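A short worksheet on the structure shown next.
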Amino acid sequence: MLTPFTFYIWSMAFLSVFVSLFWVIVNSTIKQHGNRLVEIKDYPLVTIAIPAWNEEKSIVSTLECILNLDYPKDKMQIIVIDDNSKDDTFAVTKKFISKNKNIQLLRHNNNKGKAGAMNTALRYAKGEFFWVYDADSYASKELLKNLVCKFYEEDNEKVGAVVAITLIKNHGNWVEKMQRLEYVMTAFMRKLTGSTDTLHTTNALSLFRTKVIRSINGFDEGNLTEDFEIAMRMRSRGYRIVMCEKGNFYTKVPNKIKNMWLQRVRWFRGFIQNTLKYKKMAFNKQFGLLGLFQIPLEIFVLLTLFFSIALFGYHIFGEIINLVSMIYITGYNFFDYFILPSFNQFLLELNWRLLFPSLVVLCSALYLYIEAHRYVGEKWRFYIPSLLYLFVYPLFRSMQWIHAASLEIFGAKKKW
Amino acid sequence: MVRVFRKDMLVTAFLIAFFIFLLGIYVGKLFDSSRFVNGDKMILDTQLDTDSFVTEKEFFTVFAVQDCPLLVNRMQTLGENLGEIGRTITKYDTRSISNGDVYDQLKRKYFLLEVRAYTLRKEMLEACEEENSDVILFFYNTENNQESLNQGYALDSLVADFNNTVVFSFDSEFEEPALNSLKGYYNITTNPTLILNYDTKVEGYISEEDIVKLIK
């Protein structure tokens with residue numbers, strides 16, 4: 001019988017099938033096109049900004065990694081901004097740069113956050129391009145060249161930033177392994193959104209066109225996710241963000257659930273704040289597919305997520321009540337009533353109306369999962385973290401979204 | 001990056017999704033038909049068993065053969081089969097994709113069989129003076145009635161604990177003349193209601209222990 005609950009489930013299933021098929025079609029179309037390669041004779045000057053806060057352990061290796069990049073050394077302006085570290089970041093960096101004179105070291109008298117550090121670097125930037133380089137990340141040797149090439153390849157003044165594929169450095173325990181899969185999928189989804197011109201985020205090692213970020217007044221210092229905010233601001237001013245598919249950068253991820261939880265809650269709060277800040281972009285023809293499809297889809301998914309959790313919570317609560325009643329009434333021997341059905345009976349008792357679209361979504365998800373691994377050049381396989389990522393992690397993420405939304409609703413203080 | 005988006009991609013994705021849904025509905029309908037066929041076969045088998053039982057009973061009566069233990073045993077099996085059919089139809093009903101007409105037809109056949117079995121049992125009780133088995137009529141309401149659900153659990157537990165107890169359950173909202181007569185006879189006004197061994201009426205939830213006290 002078609003109850004409102006069934007109707008809702010069917011609508012969600014239809015939407016999931018539709019969206020996953022859309023990305024499957026986009027991906028298969030990209031595969032038919034190749035990538036152009038652009039030769040650059042005279043590489044432009046790039047300002048590399050390294051915001052550092054309590055990075056005494058990693059700053060030297062970060063700087064060494066930058067100096068080893070396959071990019072003309074005279075075309076790199078390196079600026080380290082010590083954001084009033086409590087450890088010896090300043091002293092360690094000072095010692096290192098005494099042997100490398102082309103590195104500038106600046107220090108804040110008080111902590112201004114990552115966005116503040118980047119704005120300071122922006123004031124001193126001389127490069128045509130501005131590369132934000134997180135101190136706990138490291139880039140593959142050819143990455144900077146490829147990012148710059150991407151600007152030339154696009155040959156469009158409206159391209160404001162190029163985003164790199166992000167992978168993770170540390171994948172020892174299952175928390176990190178699960179995040180590895182998340183990063184692989186995110187990189188792939190960015191490729192897909194990039195190819196439909198709906199990419200609206202930047203990340204830790206994005207390369208910006210300096211005059212573009214200056215023209216939009218730099219980074220938002222009060223924002224929880226300044227990389228997402230600047231991306232939205234650029235898109236709202238008509239600039240594009242593109243994805244560089246060659247070369248990776250590696251970042252460190254939290255290795256404990258608690259830290260991962262806090263990081264994600266901050267990201268999700270940032271997403272909510274910035275989506276509200278740029279709500280005028282939703283359903284706005286001016287922004288093409290981004291305004292008419294991608295942003296509304298994200299808002300819709302978020303709203304239905306909360307609604308679904310409430311609805312399923314209510315149903316699960318009812319089922320638990322039933323189960324408890326059953327155990328109580330039948331005197332704890334309720335397993336006596338579970339009789340294994342025959343295969344034929346099992347098939348007839350399955351809920352095919354939900355199972356069928358779910359199978360299609362699952363197949364699409366597996367296809368995209370395999371494609372994502374192929375895209376980042378990593379082997380795909382199924383092991384416990386994959387199953388956790390596919391089936392348990394969405395629940396975990398839903399809880400993080402609820403946490404983030406409740407913090408926003410109750411106006412909790414911003415925490416970085 | 002090559003920009004590949006074309007509007008027809010959205011249209012194509014929508015059409016394929018729509019086609020998959022139609023296919024899903026078609027598959028669902030196929031399974032509905034199989035369920036109906038399976039449910040109908042179960043009912044038909046039990047109907048034949050009932051006819052066989054009635055024929056055997058008539059034969060014994062006409063030829064003055066006394067074999068009450070055999071009849072009691074067959075009646076017991078009949079009751080158990082009916083319980084199994086009830087559980088299966090309830091599961092099928094929650095899984096159905098199409099409207100409930102076909103399931104209503106199955107339910108109707110099932111309730112009629114139950115009324116018939118109940119009547120036969122009463123008749124047999126008088127003929128055989130059978131005292132070792134108990135029969136319970138259970139009237140329930142399917143919509144948001146936790147008491148009915150709990151009563152169902154208590155009766156399942158009772159049947160599991162006492163093999164010689166048979167429960168005939170009826171959806172009191174279901175429209176069927178024979179069922180209406182049964183409801184009218186026992187004046188069923190609330191759910192759940194139990195009729196224990198043909199004459200003791202209990203309205204509202206009653207635990208397994210209390211049922212045992214009343215029937216044993």
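Identifiers for the structure tokens are assigned positionally: chains receive A, B, ... in sequence, residues are indexed from 1 per chain, and ligands are indexed from 1 in the order shown.
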
Could the residues of region 114-184 of chain B that have an atom at most 9 Å from region 68-72 of chain B be listed as JSON lines, each with its closest atom pair and the distance in Å to one decimal, counting only C-alpha atoms and ordered by chain and ascending residue number?
```
{"residue": "B:Arg121", "atom": "CA", "partner": "B:Val72", "partner_atom": "CA", "distance": 8.6}
{"residue": "B:Met124", "atom": "CA", "partner": "B:Val72", "partner_atom": "CA", "distance": 7.9}
{"residue": "B:Leu125", "atom": "CA", "partner": "B:Val72", "partner_atom": "CA", "distance": 8.9}
{"residue": "B:Ala127", "atom": "CA", "partner": "B:Cys68", "partner_atom": "CA", "distance": 8.4}
{"residue": "B:Cys128", "atom": "CA", "partner": "B:Cys68", "partner_atom": "CA", "distance": 5.7}
{"residue": "B:Glu129", "atom": "CA", "partner": "B:Cys68", "partner_atom": "CA", "distance": 8.9}
{"residue": "B:Glu130", "atom": "CA", "partner": "B:Val72", "partner_atom": "CA", "distance": 7.8}
{"residue": "B:Ser133", "atom": "CA", "partner": "B:Val72", "partner_atom": "CA", "distance": 8.5}
```

Report task. Show which residues sit within 7 Å of region 36-47 of chain A, as an NGL selection string. Count only C-alpha atoms, and ignore same-chain residues fewer than 2 positions away. Result -> :A and (34 or 49 or 75-78 or 125-131 or 149 or 152-153)

Output C-alpha atoms for every residue in that selection, as an mmCIF file, in the first residue's frame.
```cif
data_model
loop_
_atom_site.group_PDB
_atom_site.id
_atom_site.type_symbol
_atom_site.label_atom_id
_atom_site.label_comp_id
_atom_site.auth_asym_id
_atom_site.auth_seq_id
_atom_site.Cartn_x
_atom_site.Cartn_y
_atom_site.Cartn_z
ATOM 1 C CA GLY A 34 41.432 13.266 -23.652
ATOM 2 C CA ALA A 49 52.272 30.932 1.291
ATOM 3 C CA LYS A 75 60.079 31.663 -10.037
ATOM 4 C CA MET A 76 59.102 30.770 -6.485
ATOM 5 C CA GLN A 77 58.520 33.350 -3.754
ATOM 6 C CA ILE A 78 58.221 31.382 -0.516
ATOM 7 C CA ALA A 125 52.827 38.388 -2.735
ATOM 8 C CA LYS A 126 54.560 39.325 -5.973
ATOM 9 C CA GLY A 127 53.626 36.233 -7.957
ATOM 10 C CA GLU A 128 51.049 36.003 -10.711
ATOM 11 C CA PHE A 129 49.755 32.982 -8.847
ATOM 12 C CA PHE A 130 49.282 32.409 -5.143
ATOM 13 C CA TRP A 131 49.754 28.930 -3.778
ATOM 14 C CA CYS A 149 49.794 24.433 -16.683
ATOM 15 C CA TYR A 152 47.357 27.980 -19.335
ATOM 16 C CA GLU A 153 45.452 24.978 -20.595
#
```

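You will find CA of Asn173 (chain A) at 15.1 Å from CA of Tyr393 (chain A).
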
Where in region 71-213 of chain A does DSSP assign alpha helix (DSSP H), given as a count of residues only? 59

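Residues in contact with region 158-170 of chain B at up to 6 Å, not including ones fewer than 6 positions away on its chain and judged by only C-alpha atoms, are B:Gly79, B:Ser133, B:Asp134, B:Val135, B:Ile136, B:Leu137, B:Phe138, B:Phe139.
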
Once you have the residues from the selection above, write them out as a tab-separated table (two decimals), in the first residue's frame, restricted to N, CA and C atoms.
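Output file result.tsv is given in full below:
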```
chain	number	residue	atom	x	y	z
B	79	GLY	N	-5.30	-26.62	12.36
B	79	GLY	CA	-5.14	-25.36	13.09
B	79	GLY	C	-3.74	-24.79	12.91
B	133	SER	N	-7.57	-30.29	24.40
B	133	SER	CA	-7.09	-29.17	23.56
B	133	SER	C	-7.90	-27.91	23.84
B	134	ASP	N	-7.22	-26.78	23.58
B	134	ASP	CA	-7.87	-25.48	23.82
B	134	ASP	C	-7.93	-24.70	22.53
B	135	VAL	N	-8.98	-23.94	22.41
B	135	VAL	CA	-9.12	-23.12	21.21
B	135	VAL	C	-9.37	-21.66	21.62
B	136	ILE	N	-8.70	-20.77	20.93
B	136	ILE	CA	-8.83	-19.35	21.27
B	136	ILE	C	-9.16	-18.56	20.00
B	137	LEU	N	-10.14	-17.71	20.12
B	137	LEU	CA	-10.42	-16.77	19.03
B	137	LEU	C	-9.75	-15.46	19.39
B	138	PHE	N	-9.04	-14.90	18.45
B	138	PHE	CA	-8.32	-13.65	18.72
B	138	PHE	C	-8.77	-12.60	17.71
B	139	PHE	N	-9.45	-11.57	18.22
B	139	PHE	CA	-9.88	-10.46	17.35
B	139	PHE	C	-8.90	-9.30	17.55
```
